[in-house]
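This report refers to the structure that appears directly beneath it.
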Amino acid sequence: MVSQIQPPTQPEVIYPDSDGQPVATNTIQFGWIVEIKQNIEWLFADDPNVFVAGDLFWYPVEGRNKIVNAPDVMVVLGRPKGVGVARRRHRLCYQQWKEEGIPPQVVFEILSPSNTQTEMDKKLLFCDRYGVEEYYIYDPDRNNLCGWLRGEDSLDVIPQMEDWVSPGLKIRFAPSPEGLQLYRPDGERLLNYTEISRNAEQERQRAELAEQARRDATPRLLQMNLSIEQIAQALGLSMEEVRSLAQE
């Protein structure tokens, strides 16, 4: 009997999700990464098929785990926010062949003093080679924004970034002496975490004052012989809420 020689088993390719390096080298860089990522997430919060990630390993080629990049912020239009059962499982890395071959269309990089020109040139070349449509670099120390947009064959420099509108995200870039400003498609400025927290606290205080005003007004209106239905209509409450306030 002649035995069949089995071909050698191919080892499984491991795609690491970390290189042990920090997300950012200073608080300024980290703050901008978080601000851009969170604002884009909020902008597309109601769209289940926009995936936004920060410092996530992106592998564009199956079986080639040495071909990898980790953009500070990347946006993938047309891919779900989550993957797996009920889309509840988070990605440990972005393996493009498992994502219908869709690369990140928009990439942001935030410069820090440790970044070298050679390093940034390699990042640009990677994004150009593997299908990124829009590529932006912001230097917070110099308050300088540069951008590239895919042309017929490659990523081309955007000559004027002031008031530039991203074709994919529809956000407007407005460099100012105070730093980069981003604006939503509706013209509202994107806020940082501190501003959002402050606004949320102000809204909470306004709600509490409005609630207290309703509580104070209810007994006075009852003394004026208004019916519960009339009070409810005047204060924008349900009749059950008016009855509850009247019993306090």
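In the structure tokens, chains take letters A, B, ... by order of appearance, with residues numbered from 1 within each chain and ligands from 1 in the order shown.
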Just the residues within 10 Å of Val165 of chain A, please, counting only C-alpha atoms, with nothing from its chain fewer than 3 positions along; format it as a PyMOL selection string. chain A and resi 161-162+168-174+182-185
Take the residues from that selection and put them in a file with N, CA and C atoms, as a PDB file, in the first residue's frame.
```pdb
ATOM      1  N   MET A 161      -7.077  74.298   3.515  1.00  0.00           N
ATOM      2  CA  MET A 161      -7.819  73.564   4.547  1.00  0.00           C
ATOM      3  C   MET A 161      -8.822  74.437   5.298  1.00  0.00           C
ATOM      4  N   GLU A 162      -8.678  75.759   5.211  1.00  0.00           N
ATOM      5  CA  GLU A 162      -9.614  76.630   5.929  1.00  0.00           C
ATOM      6  C   GLU A 162     -11.010  76.495   5.332  1.00  0.00           C
ATOM      7  N   GLY A 168     -16.763  62.861   3.060  1.00  0.00           N
ATOM      8  CA  GLY A 168     -17.382  61.697   3.674  1.00  0.00           C
ATOM      9  C   GLY A 168     -18.146  61.992   4.942  1.00  0.00           C
ATOM     10  N   LEU A 169     -17.586  62.862   5.790  1.00  0.00           N
ATOM     11  CA  LEU A 169     -18.188  63.133   7.100  1.00  0.00           C
ATOM     12  C   LEU A 169     -19.079  64.364   7.098  1.00  0.00           C
ATOM     13  N   LYS A 170     -18.889  65.246   6.123  1.00  0.00           N
ATOM     14  CA  LYS A 170     -19.660  66.498   6.000  1.00  0.00           C
ATOM     15  C   LYS A 170     -19.367  67.477   7.137  1.00  0.00           C
ATOM     16  N   ILE A 171     -18.268  67.278   7.855  1.00  0.00           N
ATOM     17  CA  ILE A 171     -17.892  68.239   8.893  1.00  0.00           C
ATOM     18  C   ILE A 171     -16.950  69.274   8.282  1.00  0.00           C
ATOM     19  N   ARG A 172     -17.011  70.485   8.826  1.00  0.00           N
ATOM     20  CA  ARG A 172     -16.197  71.587   8.307  1.00  0.00           C
ATOM     21  C   ARG A 172     -15.036  71.859   9.242  1.00  0.00           C
ATOM     22  N   PHE A 173     -13.849  72.036   8.657  1.00  0.00           N
ATOM     23  CA  PHE A 173     -12.653  72.346   9.422  1.00  0.00           C
ATOM     24  C   PHE A 173     -12.438  73.854   9.409  1.00  0.00           C
ATOM     25  N   ALA A 174     -12.249  74.434  10.581  1.00  0.00           N
ATOM     26  CA  ALA A 174     -12.066  75.883  10.664  1.00  0.00           C
ATOM     27  C   ALA A 174     -10.911  76.192  11.615  1.00  0.00           C
ATOM     28  N   LEU A 182     -14.146  72.276  14.660  1.00  0.00           N
ATOM     29  CA  LEU A 182     -14.891  71.405  13.756  1.00  0.00           C
ATOM     30  C   LEU A 182     -16.372  71.726  13.866  1.00  0.00           C
ATOM     31  N   TYR A 183     -17.069  71.740  12.736  1.00  0.00           N
ATOM     32  CA  TYR A 183     -18.480  72.098  12.726  1.00  0.00           C
ATOM     33  C   TYR A 183     -19.301  70.990  12.073  1.00  0.00           C
ATOM     34  N   ARG A 184     -20.452  70.734  12.668  1.00  0.00           N
ATOM     35  CA  ARG A 184     -21.374  69.732  12.171  1.00  0.00           C
ATOM     36  C   ARG A 184     -21.987  70.179  10.843  1.00  0.00           C
ATOM     37  N   PRO A 185     -22.629  69.249  10.106  1.00  0.00           N
ATOM     38  CA  PRO A 185     -23.308  69.656   8.867  1.00  0.00           C
ATOM     39  C   PRO A 185     -24.378  70.718   9.087  1.00  0.00           C
TER      40      PRO A 185
END
```
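Every protein or nucleic acid residue with an atom no more than 8 Å from Leu92 of chain A, counting only C-alpha atoms and leaving out same-chain residues fewer than 5 positions away, appears here: Asp17, Leu56 and Phe57 of chain A.
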Using only C-alpha atoms for the distances, tell me which of A:Pro175, A:Gly236, A:Pro219, A:Pro71 is nearest to Met120 of chain A.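 Of all the options, A:Pro71 lies closest to Met120 of chain A.
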If we count only C-alpha atoms, what is near Glu178 of chain A at a cut-off of 12 Å, once residues fewer than 6 positions away on the same chain are taken out, given as a PyMOL selection string? chain A and resi 140-144
Surrounding residues of Ile228 of chain A excluding itself and chain neighbours under 2 positions, 10 Å, only C-alpha atoms, as a list in words: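 My reading of the contact set: Thr218, Leu221, Leu222, Asn225, Leu226, Gln230, Ile231, Ala232, Gln233, Ala234, Leu237, Ser238, Met239, Glu240, Glu241, Val242, Arg243 and Ala246 of chain A.
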Once you have the residues from the selection above, write them out as a PDB file, in the first residue's frame, restricted to N, CA and C atoms.
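Generated file (out26.pdb):
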```
ATOM      1  N   THR A 218     -48.458  75.238  41.144  1.00  0.00           N
ATOM      2  CA  THR A 218     -49.660  74.405  41.262  1.00  0.00           C
ATOM      3  C   THR A 218     -50.579  74.836  42.404  1.00  0.00           C
ATOM      4  N   LEU A 221     -52.356  78.149  41.606  1.00  0.00           N
ATOM      5  CA  LEU A 221     -53.398  78.035  40.588  1.00  0.00           C
ATOM      6  C   LEU A 221     -54.633  77.332  41.146  1.00  0.00           C
ATOM      7  N   LEU A 222     -54.433  76.402  42.071  1.00  0.00           N
ATOM      8  CA  LEU A 222     -55.579  75.751  42.711  1.00  0.00           C
ATOM      9  C   LEU A 222     -56.356  76.757  43.553  1.00  0.00           C
ATOM     10  N   ASN A 225     -58.934  78.685  41.889  1.00  0.00           N
ATOM     11  CA  ASN A 225     -60.089  77.881  41.472  1.00  0.00           C
ATOM     12  C   ASN A 225     -59.988  77.365  40.036  1.00  0.00           C
ATOM     13  N   LEU A 226     -58.748  77.198  39.533  1.00  0.00           N
ATOM     14  CA  LEU A 226     -58.587  76.563  38.243  1.00  0.00           C
ATOM     15  C   LEU A 226     -58.736  75.054  38.407  1.00  0.00           C
ATOM     16  N   GLN A 230     -57.196  72.405  33.657  1.00  0.00           N
ATOM     17  CA  GLN A 230     -56.687  73.706  33.223  1.00  0.00           C
ATOM     18  C   GLN A 230     -55.238  73.901  33.665  1.00  0.00           C
ATOM     19  N   ILE A 231     -54.940  73.470  34.880  1.00  0.00           N
ATOM     20  CA  ILE A 231     -53.567  73.604  35.398  1.00  0.00           C
ATOM     21  C   ILE A 231     -52.613  72.730  34.594  1.00  0.00           C
ATOM     22  N   ALA A 232     -53.064  71.528  34.286  1.00  0.00           N
ATOM     23  CA  ALA A 232     -52.229  70.616  33.509  1.00  0.00           C
ATOM     24  C   ALA A 232     -51.897  71.217  32.151  1.00  0.00           C
ATOM     25  N   GLN A 233     -52.870  71.823  31.514  1.00  0.00           N
ATOM     26  CA  GLN A 233     -52.646  72.438  30.208  1.00  0.00           C
ATOM     27  C   GLN A 233     -51.728  73.651  30.329  1.00  0.00           C
ATOM     28  N   ALA A 234     -51.898  74.437  31.386  1.00  0.00           N
ATOM     29  CA  ALA A 234     -51.090  75.652  31.564  1.00  0.00           C
ATOM     30  C   ALA A 234     -49.629  75.325  31.844  1.00  0.00           C
ATOM     31  N   LEU A 237     -48.256  69.654  32.062  1.00  0.00           N
ATOM     32  CA  LEU A 237     -48.177  68.443  32.862  1.00  0.00           C
ATOM     33  C   LEU A 237     -49.364  67.536  32.559  1.00  0.00           C
ATOM     34  N   SER A 238     -49.240  66.291  32.997  1.00  0.00           N
ATOM     35  CA  SER A 238     -50.397  65.407  32.924  1.00  0.00           C
ATOM     36  C   SER A 238     -51.296  65.686  34.135  1.00  0.00           C
ATOM     37  N   MET A 239     -52.539  65.273  34.056  1.00  0.00           N
ATOM     38  CA  MET A 239     -53.456  65.481  35.171  1.00  0.00           C
ATOM     39  C   MET A 239     -53.006  64.687  36.384  1.00  0.00           C
ATOM     40  N   GLU A 240     -52.405  63.517  36.168  1.00  0.00           N
ATOM     41  CA  GLU A 240     -51.891  62.726  37.288  1.00  0.00           C
ATOM     42  C   GLU A 240     -50.770  63.461  38.009  1.00  0.00           C
ATOM     43  N   GLU A 241     -49.894  64.138  37.223  1.00  0.00           N
ATOM     44  CA  GLU A 241     -48.804  64.891  37.843  1.00  0.00           C
ATOM     45  C   GLU A 241     -49.354  66.056  38.660  1.00  0.00           C
ATOM     46  N   VAL A 242     -50.373  66.739  38.160  1.00  0.00           N
ATOM     47  CA  VAL A 242     -50.974  67.850  38.901  1.00  0.00           C
ATOM     48  C   VAL A 242     -51.600  67.353  40.193  1.00  0.00           C
ATOM     49  N   ARG A 243     -52.307  66.243  40.126  1.00  0.00           N
ATOM     50  CA  ARG A 243     -52.926  65.681  41.346  1.00  0.00           C
ATOM     51  C   ARG A 243     -51.859  65.329  42.371  1.00  0.00           C
ATOM     52  N   ALA A 246     -50.548  68.484  43.915  1.00  0.00           N
ATOM     53  CA  ALA A 246     -51.552  69.087  44.799  1.00  0.00           C
ATOM     54  C   ALA A 246     -51.593  68.417  46.149  1.00  0.00           C
TER      55      ALA A 246
END
```
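Going from atom CA of Leu111 of chain A over to atom CA of Phe30 of chain A, you cover 10.1 Å.
Taking atom CA of Ile33 of chain A and atom CA of Asp139 of chain A as the two end points, the separation is 11.6 Å.
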Proximity to Lys37 of chain A - best of A:Asp163, A:Leu191, A:Leu125, A:Ser112, only C-alpha atoms: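 The answer is A:Leu191, which sits nearest to Lys37 of chain A.
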